[in-house]
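Everything below belongs to upload24.pdb, which stores PDB, C-alpha atoms.
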ATOM      1  CA  MET X   1       0.000   0.000   0.000
ATOM      2  CA  CYS X   2       0.975   3.642  -0.139
ATOM      3  CA  GLY X   3       0.057   5.385   3.084
ATOM      4  CA  ARG X   4       2.309   8.440   2.991
ATOM      5  CA  PHE X   5       3.582  10.785   0.290
ATOM      6  CA  THR X   6       5.041  14.264  -0.139
ATOM      7  CA  ARG X   7       4.129  17.483  -1.845
ATOM      8  CA  GLU X   8       6.780  20.019  -2.810
ATOM      9  CA  TRP X   9       6.203  21.886  -6.057
ATOM     10  CA  THR X  10       5.577  25.202  -7.795
ATOM     11  CA  TRP X  11       2.677  26.180 -10.039
ATOM     12  CA  GLU X  12       5.079  26.064 -12.974
ATOM     13  CA  GLN X  13       5.843  22.424 -12.167
ATOM     14  CA  VAL X  14       2.150  21.588 -11.893
ATOM     15  CA  HIS X  15       1.450  23.205 -15.262
ATOM     16  CA  ALA X  16       4.326  21.310 -16.872
ATOM     17  CA  PHE X  17       3.213  18.092 -15.172
ATOM     18  CA  SER X  18      -0.341  18.376 -16.511
ATOM     19  CA  GLN X  19       0.721  18.782 -20.147
ATOM     20  CA  PRO X  20      -0.678  18.161 -22.712
ATOM     21  CA  LEU X  21      -3.840  18.918 -20.712
ATOM     22  CA  VAL X  22      -4.769  22.512 -19.862
ATOM     23  CA  LEU X  23      -5.399  23.625 -16.283
ATOM     24  CA  GLU X  24      -8.652  25.555 -15.872
ATOM     25  CA  HIS X  25      -8.526  26.470 -12.208
ATOM     26  CA  LEU X  26      -5.727  26.401  -9.639
ATOM     27  CA  GLY X  27      -7.921  25.984  -6.564
ATOM     28  CA  GLN X  28      -7.175  27.481  -3.166
ATOM     29  CA  SER X  29      -3.900  25.713  -2.436
ATOM     30  CA  ASN X  30      -1.134  27.886  -0.986
ATOM     31  CA  LEU X  31       1.581  25.475  -2.147
ATOM     32  CA  GLU X  32       3.001  25.011   1.353
ATOM     33  CA  PRO X  33       5.281  21.950   1.225
ATOM     34  CA  ASN X  34       4.126  18.852   3.075
ATOM     35  CA  TYR X  35       6.696  16.117   3.641
ATOM     36  CA  ASN X  36       4.286  13.910   5.568
ATOM     37  CA  VAL X  37       0.945  13.680   3.739
ATOM     38  CA  CYS X  38      -1.206  11.155   5.615
ATOM     39  CA  PRO X  39      -4.609   9.512   5.077
ATOM     40  CA  THR X  40      -7.574  11.798   5.886
ATOM     41  CA  ASN X  41      -5.463  14.891   5.026
ATOM     42  CA  ILE X  42      -6.852  17.265   2.406
ATOM     43  CA  ILE X  43      -4.816  16.823  -0.773
ATOM     44  CA  ASP X  44      -4.776  18.339  -4.265
ATOM     45  CA  THR X  45      -6.207  16.261  -7.106
ATOM     46  CA  LEU X  46      -6.589  16.821 -10.837
ATOM     47  CA  VAL X  47     -10.058  16.228 -12.285
ATOM     48  CA  MET X  48     -11.543  16.858 -15.705
ATOM     49  CA  GLY X  49     -13.566  20.043 -15.781
ATOM     50  CA  ALA X  50     -15.659  21.730 -18.418
ATOM     51  CA  HIS X  51     -14.552  22.006 -22.029
ATOM     52  CA  GLY X  52     -11.857  19.373 -21.601
ATOM     53  CA  LYS X  53      -9.809  21.449 -19.178
ATOM     54  CA  VAL X  54      -8.397  20.131 -15.926
ATOM     55  CA  ARG X  55      -9.134  21.576 -12.488
ATOM     56  CA  ILE X  56      -7.193  21.226  -9.256
ATOM     57  CA  VAL X  57      -9.670  20.171  -6.574
ATOM     58  CA  PRO X  58      -8.919  19.695  -2.851
ATOM     59  CA  MET X  59     -10.204  16.373  -1.504
ATOM     60  CA  ARG X  60     -10.038  14.233   1.615
ATOM     61  CA  TRP X  61      -7.572  11.367   1.123
ATOM     62  CA  GLY X  62      -9.736   8.400   2.068
ATOM     63  CA  LEU X  63     -12.813   7.817  -0.087
ATOM     64  CA  ILE X  64     -16.277   8.028   1.443
ATOM     65  CA  PRO X  65     -18.790   6.461  -0.983
ATOM     66  CA  ALA X  66     -21.831   8.532  -1.906
ATOM     67  CA  TRP X  67     -24.161   5.819  -0.590
ATOM     68  CA  TRP X  68     -22.832   5.980   2.999
ATOM     69  CA  LYS X  69     -25.780   7.045   5.196
ATOM     70  CA  LYS X  70     -24.172   7.200   8.634
ATOM     71  CA  THR X  71     -21.752   9.723  10.118
ATOM     72  CA  LEU X  72     -18.089  10.055   9.213
ATOM     73  CA  LYS X  73     -17.103   8.881  12.717
ATOM     74  CA  GLU X  74     -18.931   5.617  12.014
ATOM     75  CA  PHE X  75     -17.042   5.050   8.757
ATOM     76  CA  LYS X  76     -14.238   2.733   9.896
ATOM     77  CA  LEU X  77     -12.911   1.424   6.556
ATOM     78  CA  ALA X  78      -9.397   2.294   5.390
ATOM     79  CA  THR X  79     -10.148   3.636   1.912
ATOM     80  CA  PHE X  80      -7.072   5.706   1.044
ATOM     81  CA  ASN X  81      -5.880   2.883  -1.255
ATOM     82  CA  ALA X  82      -7.942   0.838  -3.752
ATOM     83  CA  ARG X  83      -6.496  -2.393  -5.108
ATOM     84  CA  SER X  84      -6.414  -2.544  -8.911
ATOM     85  CA  GLU X  85      -7.527  -6.188  -8.897
ATOM     86  CA  THR X  86     -10.783  -5.510  -7.044
ATOM     87  CA  VAL X  87     -11.623  -1.855  -7.703
ATOM     88  CA  THR X  88     -14.374  -2.804 -10.165
ATOM     89  CA  GLU X  89     -15.945  -5.212  -7.658
ATOM     90  CA  LYS X  90     -15.758  -3.566  -4.232
ATOM     91  CA  ALA X  91     -18.948  -1.684  -3.366
ATOM     92  CA  THR X  92     -16.925   1.146  -1.839
ATOM     93  CA  PHE X  93     -15.014   1.853  -5.056
ATOM     94  CA  ARG X  94     -16.756   0.462  -8.131
ATOM     95  CA  SER X  95     -19.121   3.386  -8.786
ATOM     96  CA  ALA X  96     -16.319   5.926  -8.391
ATOM     97  CA  PHE X  97     -14.129   3.905 -10.747
ATOM     98  CA  ARG X  98     -16.827   4.026 -13.421
ATOM     99  CA  ARG X  99     -17.718   7.695 -13.057
ATOM    100  CA  HIS X 100     -15.138   9.738 -11.136
ATOM    101  CA  ARG X 101     -11.447   9.632 -11.944
ATOM    102  CA  CYS X 102      -8.649  11.842 -10.670
ATOM    103  CA  ILE X 103      -4.877  12.107 -10.687
ATOM    104  CA  ILE X 104      -3.004  12.715  -7.445
ATOM    105  CA  PRO X 105       0.220  14.694  -8.032
ATOM    106  CA  ALA X 106       3.073  13.922  -5.643
ATOM    107  CA  SER X 107       6.750  14.757  -5.283
ATOM    108  CA  GLY X 108       7.489  11.308  -3.870
ATOM    109  CA  TYR X 109       6.184   8.590  -1.577
ATOM    110  CA  TYR X 110       7.379   6.411   1.287
ATOM    111  CA  GLU X 111       7.540   2.644   1.719
ATOM    112  CA  TRP X 112       8.978   0.629   4.589
ATOM    113  CA  GLU X 113      11.510  -2.178   4.833
ATOM    114  CA  ASP X 114      11.368  -4.730   7.651
ATOM    115  CA  THR X 115      14.782  -4.941   9.304
ATOM    116  CA  PRO X 116      16.027  -6.678  12.486
ATOM    117  CA  SER X 117      16.156  -3.276  14.175
ATOM    118  CA  GLY X 118      12.702  -2.159  13.052
ATOM    119  CA  LYS X 119      10.938  -0.440  10.166
ATOM    120  CA  GLN X 120      13.235   1.443   7.793
ATOM    121  CA  PRO X 121      11.494   4.010   5.545
ATOM    122  CA  HIS X 122      12.553   4.544   1.935
ATOM    123  CA  TYR X 123      11.647   7.539  -0.216
ATOM    124  CA  TYR X 124      10.695   7.021  -3.878
ATOM    125  CA  THR X 125      10.840   9.746  -6.538
ATOM    126  CA  ARG X 126      11.041   9.960 -10.324
ATOM    127  CA  ARG X 127      14.551   9.579 -11.680
ATOM    128  CA  ASN X 128      13.992  12.509 -14.040
ATOM    129  CA  GLY X 129      12.992  14.801 -11.165
ATOM    130  CA  GLN X 130       9.445  15.379 -12.386
ATOM    131  CA  LEU X 131       6.269  14.920 -10.365
ATOM    132  CA  LEU X 132       4.523  11.581  -9.962
ATOM    133  CA  GLY X 133       0.925  11.219 -11.108
ATOM    134  CA  PHE X 134      -0.957   8.571  -9.115
ATOM    135  CA  ALA X 135      -4.143   7.133 -10.596
ATOM    136  CA  GLY X 136      -7.069   7.952  -8.327
ATOM    137  CA  ILE X 137     -10.832   7.776  -8.027
ATOM    138  CA  TRP X 138     -13.139  10.094  -6.121
ATOM    139  CA  ASP X 139     -16.683  10.444  -4.861
ATOM    140  CA  GLU X 140     -18.957  13.046  -3.316
ATOM    141  CA  TRP X 141     -20.683  12.384   0.007
ATOM    142  CA  THR X 142     -23.194  14.462   1.968
ATOM    143  CA  ASP X 143     -22.749  14.548   5.725
ATOM    144  CA  PRO X 144     -26.161  13.575   7.175
ATOM    145  CA  GLU X 145     -25.545  15.682  10.299
ATOM    146  CA  THR X 146     -24.419  18.935   8.729
ATOM    147  CA  GLY X 147     -25.453  18.704   5.075
ATOM    148  CA  GLU X 148     -21.857  19.461   4.093
ATOM    149  CA  ILE X 149     -20.751  17.991   0.755
ATOM    150  CA  ILE X 150     -17.358  16.323   1.035
ATOM    151  CA  LYS X 151     -15.229  15.261  -1.913
ATOM    152  CA  SER X 152     -12.864  12.395  -1.138
ATOM    153  CA  CYS X 153     -10.510  10.158  -3.076
ATOM    154  CA  ALA X 154      -8.537   6.917  -3.097
ATOM    155  CA  MET X 155      -5.200   6.074  -4.691
ATOM    156  CA  LEU X 156      -5.007   3.005  -6.961
ATOM    157  CA  ILE X 157      -2.327   0.479  -6.013
ATOM    158  CA  THR X 158      -1.038  -2.520  -7.938
ATOM    159  CA  GLU X 159       1.642  -5.197  -7.931
ATOM    160  CA  PRO X 160       5.150  -3.733  -7.658
ATOM    161  CA  SER X 161       7.805  -3.458 -10.320
ATOM    162  CA  LYS X 162      10.951  -5.473  -9.639
ATOM    163  CA  PHE X 163      12.576  -2.274  -8.427
ATOM    164  CA  ALA X 164       9.796  -1.463  -5.953
ATOM    165  CA  ALA X 165       9.359  -5.090  -4.840
ATOM    166  CA  ARG X 166      12.583  -4.970  -2.845
ATOM    167  CA  TYR X 167      10.750  -3.325   0.035
ATOM    168  CA  HIS X 168       7.022  -3.796  -0.538
ATOM    169  CA  ASP X 169       4.548  -6.062  -2.305
ATOM    170  CA  ARG X 170       2.409  -3.175  -3.630
ATOM    171  CA  MET X 171       3.031   0.195  -5.287
ATOM    172  CA  PRO X 172       0.921   3.151  -6.462
ATOM    173  CA  VAL X 173      -0.256   3.164 -10.062
ATOM    174  CA  ILE X 174       1.905   5.838 -11.691
ATOM    175  CA  LEU X 175       0.398   7.267 -14.858
ATOM    176  CA  GLU X 176       2.410   8.840 -17.660
ATOM    177  CA  PRO X 177       1.272  12.138 -19.237
ATOM    178  CA  SER X 178       0.129  10.324 -22.387
ATOM    179  CA  GLN X 179      -2.356   8.418 -20.190
ATOM    180  CA  PHE X 180      -3.784  11.378 -18.280
ATOM    181  CA  GLU X 181      -6.676  12.364 -20.533
ATOM    182  CA  ASP X 182      -7.991   8.840 -21.112
ATOM    183  CA  TRP X 183      -7.787   8.138 -17.388
ATOM    184  CA  LEU X 184      -9.618  11.314 -16.363
ATOM    185  CA  THR X 185     -12.356  10.785 -18.943
ATOM    186  CA  ALA X 186     -12.707   7.066 -18.073
ATOM    187  CA  LYS X 187     -11.812   6.005 -21.596
ATOM    188  CA  SER X 188      -9.141   3.742 -20.131
ATOM    189  CA  GLY X 189      -9.836   1.028 -17.590
ATOM    190  CA  ILE X 190      -8.061  -1.571 -15.502
ATOM    191  CA  GLU X 191      -5.626  -2.281 -18.341
ATOM    192  CA  VAL X 192      -3.573   0.789 -17.332
ATOM    193  CA  LEU X 193      -3.347  -0.197 -13.668
ATOM    194  CA  GLN X 194       0.120  -1.664 -14.095
ATOM    195  CA  PRO X 195       3.450  -1.381 -12.257
ATOM    196  CA  ALA X 196       5.716   1.464 -13.309
ATOM    197  CA  ALA X 197       8.468   0.686 -15.800
ATOM    198  CA  GLU X 198      11.737  -0.298 -14.139
ATOM    199  CA  GLU X 199      13.515   2.928 -15.131
ATOM    200  CA  VAL X 200      10.909   5.309 -13.708
ATOM    201  CA  LEU X 201      11.778   5.382 -10.000
ATOM    202  CA  GLN X 202      14.719   5.902  -7.720
ATOM    203  CA  GLU X 203      14.814   5.553  -3.937
ATOM    204  CA  HIS X 204      16.915   6.163  -0.860
ATOM    205  CA  ALA X 205      16.669   5.449   2.861
ATOM    206  CA  VAL X 206      15.424   8.289   5.063
ATOM    207  CA  SER X 207      15.131   9.073   8.764
ATOM    208  CA  ARG X 208      13.034   6.754  10.906
ATOM    209  CA  ARG X 209      11.231   9.831  12.147
ATOM    210  CA  VAL X 210       9.050   9.201   9.091
ATOM    211  CA  ASN X 211       7.716   6.130  10.923
ATOM    212  CA  SER X 212       5.478   8.433  12.948
ATOM    213  CA  SER X 213       2.452   9.906  11.204
ATOM    214  CA  ARG X 214       2.929  12.845  13.576
ATOM    215  CA  ALA X 215       6.310  13.762  12.103
ATOM    216  CA  ASP X 216       6.524  17.465  11.268
ATOM    217  CA  ARG X 217       5.061  17.909   7.795
ATOM    218  CA  ASN X 218       7.205  21.030   7.294
ATOM    219  CA  ASP X 219      10.481  19.211   7.975
ATOM    220  CA  HIS X 220      12.432  18.899   4.720
ATOM    221  CA  ALA X 221      14.934  16.649   6.519
ATOM    222  CA  LEU X 222      12.345  13.840   6.385
ATOM    223  CA  ILE X 223      13.218  13.213   2.723
ATOM    224  CA  GLU X 224      16.975  13.647   3.002
ATOM    225  CA  LYS X 225      19.143  10.618   2.241
ATOM    226  CA  ILE X 226      20.778   8.808   5.136
ATOM    227  CA  ALA X 227      23.642   6.315   5.095
TER     228      ALA X 227
END
Give the structure from this file in structure tokens form.
Amino acid sequence: MCGRFTREWTWEQVHAFSQPLVLEHLGQSNLEPNYNVCPTNIIDTLVMGAHGKVRIVPMRWGLIPAWWKKTLKEFKLATFNARSETVTEKATFRSAFRRHRCIIPASGYYEWEDTPSGKQPHYYTRRNGQLLGFAGIWDEWTDPETGEIIKSCAMLITEPSKFAARYHDRMPVILEPSQFEDWLTAKSGIEVLQPAAEEVLQEHAVSRRVNSSRADRNDHALIEKIA
């Protein structure tokens, strides 16, 4: 699974990342870096807007299906990841997969290695330095207590590449720019939910302070390479 990622970019990078698509609206994000993005945080997503242009939309990371009738406190499922093998079958995800697609931009993500001395985090980024685009799905839920409409999303995960398999048995689905439009418009399906090519990623070990979800999200040292 992928339960933590990072966000560190400029608007220029986001524009370049979204090519050949055109951004319609930049949302309310202040672009503050976050080196410890966790489930239930509000994250930026790319969705297809009007006239074939893409919008940046803030969403809760952890999908709440539209059909959920109880309160958010009563929703106990971990829905920040959706497995590619079952996304078309699981009641929580299948409607969103058919109708609501998104891309989750990230600077990098963390995975953990089991070692005799404990969990060792590793930080994955693109070798070419560009942003990662995770395949995502989203839904819109109305809070029965307040009437508030909440948009939320899940990240698609799949079997790992050989490179990623060294430390984990799953990895996020990383889309290439040529796949963005078909994904967002639901023209593509489960056939694109594949491991990244072997040359896409690089990784390095980072501080075990990352092991805590409470680690300071503003601490750039979280992604720095350690021996």
Could you list the residues chosen by the PyMOL selection byres ((chain X and resi 163) around 12) in this structure as a short mmCIF file (atom, residue, chain, number, x, y, z; two decimals) with C-alpha atoms, in the coordinates of the input?
data_model
loop_
_atom_site.label_atom_id
_atom_site.label_comp_id
_atom_site.auth_asym_id
_atom_site.auth_seq_id
_atom_site.Cartn_x
_atom_site.Cartn_y
_atom_site.Cartn_z
CA TYR X 124 10.70 7.02 -3.88
CA GLU X 159 1.64 -5.20 -7.93
CA PRO X 160 5.15 -3.73 -7.66
CA SER X 161 7.80 -3.46 -10.32
CA LYS X 162 10.95 -5.47 -9.64
CA ALA X 164 9.80 -1.46 -5.95
CA ALA X 165 9.36 -5.09 -4.84
CA ARG X 166 12.58 -4.97 -2.84
CA TYR X 167 10.75 -3.32 0.04
CA HIS X 168 7.02 -3.80 -0.54
CA ASP X 169 4.55 -6.06 -2.31
CA ARG X 170 2.41 -3.18 -3.63
CA MET X 171 3.03 0.20 -5.29
CA PRO X 195 3.45 -1.38 -12.26
CA ALA X 196 5.72 1.46 -13.31
CA ALA X 197 8.47 0.69 -15.80
CA GLU X 198 11.74 -0.30 -14.14
CA GLU X 199 13.52 2.93 -15.13
CA VAL X 200 10.91 5.31 -13.71
CA LEU X 201 11.78 5.38 -10.00
CA GLN X 202 14.72 5.90 -7.72
CA GLU X 203 14.81 5.55 -3.94
#
Would you kindly return, as a PyMOL selection string, each protein, DNA or RNA residue with an atom no farther than 8 Å from any atom of X:Asp44, considering only C-alpha atoms and excluding same-chain residues fewer than 6 positions away? chain X and resi 29+56-59+104-105
One decimal, Å: what's the distance from atom CA of X:Gly189 over to atom CA of X:Glu89, could you say?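 About the pair atom CA of X:Gly189 and atom CA of X:Glu89: they are 13.2 Å apart.
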One number please: atom CA of X:Pro172 to atom CA of X:Cys102, in Å, one decimal. 13.6 Å
Could you please give me, as an mmCIF file with C-alpha atoms, keeping the file's coordinate frame, the residues of protein, DNA or RNA lying at most 10 Å from (1.0, 6.3, -19.0) in the coordinate frame of the file, considering all atoms listed in the file?
data_model
loop_
_atom_site.group_PDB
_atom_site.id
_atom_site.type_symbol
_atom_site.label_atom_id
_atom_site.label_comp_id
_atom_site.auth_asym_id
_atom_site.auth_seq_id
_atom_site.Cartn_x
_atom_site.Cartn_y
_atom_site.Cartn_z
ATOM 1 C CA GLY X 133 0.925 11.219 -11.108
ATOM 2 C CA ALA X 135 -4.143 7.133 -10.596
ATOM 3 C CA VAL X 173 -0.256 3.164 -10.062
ATOM 4 C CA ILE X 174 1.905 5.838 -11.691
ATOM 5 C CA LEU X 175 0.398 7.267 -14.858
ATOM 6 C CA GLU X 176 2.410 8.840 -17.660
ATOM 7 C CA PRO X 177 1.272 12.138 -19.237
ATOM 8 C CA SER X 178 0.129 10.324 -22.387
ATOM 9 C CA GLN X 179 -2.356 8.418 -20.190
ATOM 10 C CA PHE X 180 -3.784 11.378 -18.280
ATOM 11 C CA GLU X 181 -6.676 12.364 -20.533
ATOM 12 C CA ASP X 182 -7.991 8.840 -21.112
ATOM 13 C CA TRP X 183 -7.787 8.138 -17.388
ATOM 14 C CA VAL X 192 -3.573 0.789 -17.332
ATOM 15 C CA LEU X 193 -3.347 -0.197 -13.668
ATOM 16 C CA GLN X 194 0.120 -1.664 -14.095
ATOM 17 C CA ALA X 196 5.716 1.464 -13.309
ATOM 18 C CA ALA X 197 8.468 0.686 -15.800
#
Output as JSON lines one row per residue of stretch 71-123 of chain X within 12 Å of stretch 3-21 of chain X: the closest atom pair and its distance in Å to one decimal place, counting all atoms listed in the file, sorted by chain and residue number ascending.
{"residue": "X:Ala78", "atom": "CA", "partner": "X:Gly3", "partner_atom": "CA", "distance": 10.2}
{"residue": "X:Thr79", "atom": "CA", "partner": "X:Gly3", "partner_atom": "CA", "distance": 10.4}
{"residue": "X:Phe80", "atom": "CA", "partner": "X:Gly3", "partner_atom": "CA", "distance": 7.4}
{"residue": "X:Asn81", "atom": "CA", "partner": "X:Gly3", "partner_atom": "CA", "distance": 7.8}
{"residue": "X:Ala82", "atom": "CA", "partner": "X:Gly3", "partner_atom": "CA", "distance": 11.5}
{"residue": "X:Ile103", "atom": "CA", "partner": "X:Ser18", "partner_atom": "CA", "distance": 9.7}
{"residue": "X:Ile104", "atom": "CA", "partner": "X:Arg7", "partner_atom": "CA", "distance": 10.2}
{"residue": "X:Pro105", "atom": "CA", "partner": "X:Arg7", "partner_atom": "CA", "distance": 7.8}
{"residue": "X:Ala106", "atom": "CA", "partner": "X:Arg7", "partner_atom": "CA", "distance": 5.3}
{"residue": "X:Ser107", "atom": "CA", "partner": "X:Arg7", "partner_atom": "CA", "distance": 5.1}
{"residue": "X:Gly108", "atom": "CA", "partner": "X:Thr6", "partner_atom": "CA", "distance": 5.4}
{"residue": "X:Tyr109", "atom": "CA", "partner": "X:Phe5", "partner_atom": "CA", "distance": 3.9}
{"residue": "X:Tyr110", "atom": "CA", "partner": "X:Arg4", "partner_atom": "CA", "distance": 5.7}
{"residue": "X:Glu111", "atom": "CA", "partner": "X:Arg4", "partner_atom": "CA", "distance": 7.9}
{"residue": "X:Trp112", "atom": "CA", "partner": "X:Gly3", "partner_atom": "CA", "distance": 10.2}
{"residue": "X:Pro121", "atom": "CA", "partner": "X:Arg4", "partner_atom": "CA", "distance": 10.5}
{"residue": "X:His122", "atom": "CA", "partner": "X:Arg4", "partner_atom": "CA", "distance": 11.0}
{"residue": "X:Tyr123", "atom": "CA", "partner": "X:Phe5", "partner_atom": "CA", "distance": 8.7}
Residues proximal to (14.2, 0.1, 7.9) were defined as those with any atom within 9 Å of that point in the file's coordinates, counting only C-alpha atoms. Which are they, as a PyMOL selection string? chain X and resi 112-122+205-206+208
As AutoDock Vina command-line options, what would the box around stretch 100-110 of chain X look like: edges along x, y and z, 3 Å added on every side, centre and edge lengths in Å to one decimal?
--center_x -3.8 --center_y 10.6 --center_z -5.3 --size_x 28.6 --size_y 14.3 --size_z 19.2
If you measure from atom CA of X:Trp68 to atom CA of X:Ser152, what distance in Å do you get, rounded to one decimal?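 Computing it gives 12.6 Å between the two atoms.
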Could you list, as an MDAnalysis selection string, every residue matched by the PyMOL selection byres ((chain X and resi 137-141) around 10) in this structure? chainID X and resid 45 47 59:69 72 81:82 87 92:104 134:136 142:144 147:156 183:184
Selection result for the PyMOL selection byres ((chain X and resi 212-214) around 10) on this file, as a PyMOL selection string: chain X and resi 3-4+36-39+208-211+215-217
Completion of stretch 126-142 of chain X up to N, CA and C atoms, as a PDB file, in the coordinates of the input:
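Saved as result_37.pdb:
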ATOM      1  N   ARG X 126      10.716  10.198  -8.916  1.00  0.00           N
ATOM      2  CA  ARG X 126      11.041   9.960 -10.324  1.00  0.00           C
ATOM      3  C   ARG X 126      12.530  10.213 -10.563  1.00  0.00           C
ATOM      4  N   ARG X 127      13.132   9.386 -11.362  1.00  0.00           N
ATOM      5  CA  ARG X 127      14.551   9.579 -11.680  1.00  0.00           C
ATOM      6  C   ARG X 127      14.790  10.867 -12.444  1.00  0.00           C
ATOM      7  N   ASN X 128      13.802  11.300 -13.240  1.00  0.00           N
ATOM      8  CA  ASN X 128      13.992  12.509 -14.040  1.00  0.00           C
ATOM      9  C   ASN X 128      13.637  13.790 -13.268  1.00  0.00           C
ATOM     10  N   GLY X 129      13.268  13.637 -11.989  1.00  0.00           N
ATOM     11  CA  GLY X 129      12.992  14.801 -11.165  1.00  0.00           C
ATOM     12  C   GLY X 129      11.604  15.385 -11.308  1.00  0.00           C
ATOM     13  N   GLN X 130      10.788  14.851 -12.197  1.00  0.00           N
ATOM     14  CA  GLN X 130       9.445  15.379 -12.386  1.00  0.00           C
ATOM     15  C   GLN X 130       8.483  14.830 -11.336  1.00  0.00           C
ATOM     16  N   LEU X 131       7.268  15.374 -11.319  1.00  0.00           N
ATOM     17  CA  LEU X 131       6.269  14.920 -10.365  1.00  0.00           C
ATOM     18  C   LEU X 131       5.746  13.538 -10.745  1.00  0.00           C
ATOM     19  N   LEU X 132       5.221  12.847  -9.752  1.00  0.00           N
ATOM     20  CA  LEU X 132       4.523  11.581  -9.962  1.00  0.00           C
ATOM     21  C   LEU X 132       3.033  11.859 -10.096  1.00  0.00           C
ATOM     22  N   GLY X 133       2.367  11.099 -10.957  1.00  0.00           N
ATOM     23  CA  GLY X 133       0.925  11.219 -11.108  1.00  0.00           C
ATOM     24  C   GLY X 133       0.252   9.905 -10.751  1.00  0.00           C
ATOM     25  N   PHE X 134      -0.310   9.801  -9.554  1.00  0.00           N
ATOM     26  CA  PHE X 134      -0.957   8.571  -9.115  1.00  0.00           C
ATOM     27  C   PHE X 134      -2.379   8.503  -9.653  1.00  0.00           C
ATOM     28  N   ALA X 135      -2.764   7.341 -10.166  1.00  0.00           N
ATOM     29  CA  ALA X 135      -4.143   7.133 -10.596  1.00  0.00           C
ATOM     30  C   ALA X 135      -5.050   7.127  -9.371  1.00  0.00           C
ATOM     31  N   GLY X 136      -6.140   7.885  -9.447  1.00  0.00           N
ATOM     32  CA  GLY X 136      -7.069   7.952  -8.327  1.00  0.00           C
ATOM     33  C   GLY X 136      -8.515   7.929  -8.774  1.00  0.00           C
ATOM     34  N   ILE X 137      -9.384   7.691  -7.817  1.00  0.00           N
ATOM     35  CA  ILE X 137     -10.832   7.776  -8.027  1.00  0.00           C
ATOM     36  C   ILE X 137     -11.406   8.633  -6.905  1.00  0.00           C
ATOM     37  N   TRP X 138     -12.562   9.229  -7.141  1.00  0.00           N
ATOM     38  CA  TRP X 138     -13.139  10.094  -6.121  1.00  0.00           C
ATOM     39  C   TRP X 138     -14.653   9.966  -6.079  1.00  0.00           C
ATOM     40  N   ASP X 139     -15.226  10.452  -5.000  1.00  0.00           N
ATOM     41  CA  ASP X 139     -16.683  10.444  -4.861  1.00  0.00           C
ATOM     42  C   ASP X 139     -17.097  11.663  -4.053  1.00  0.00           C
ATOM     43  N   GLU X 140     -18.399  11.892  -4.010  1.00  0.00           N
ATOM     44  CA  GLU X 140     -18.957  13.046  -3.316  1.00  0.00           C
ATOM     45  C   GLU X 140     -20.004  12.549  -2.330  1.00  0.00           C
ATOM     46  N   TRP X 141     -19.820  12.884  -1.067  1.00  0.00           N
ATOM     47  CA  TRP X 141     -20.683  12.384   0.007  1.00  0.00           C
ATOM     48  C   TRP X 141     -21.279  13.556   0.767  1.00  0.00           C
ATOM     49  N   THR X 142     -22.525  13.427   1.190  1.00  0.00           N
ATOM     50  CA  THR X 142     -23.194  14.462   1.968  1.00  0.00           C
ATOM     51  C   THR X 142     -23.286  14.035   3.420  1.00  0.00           C
TER      52      THR X 142
END
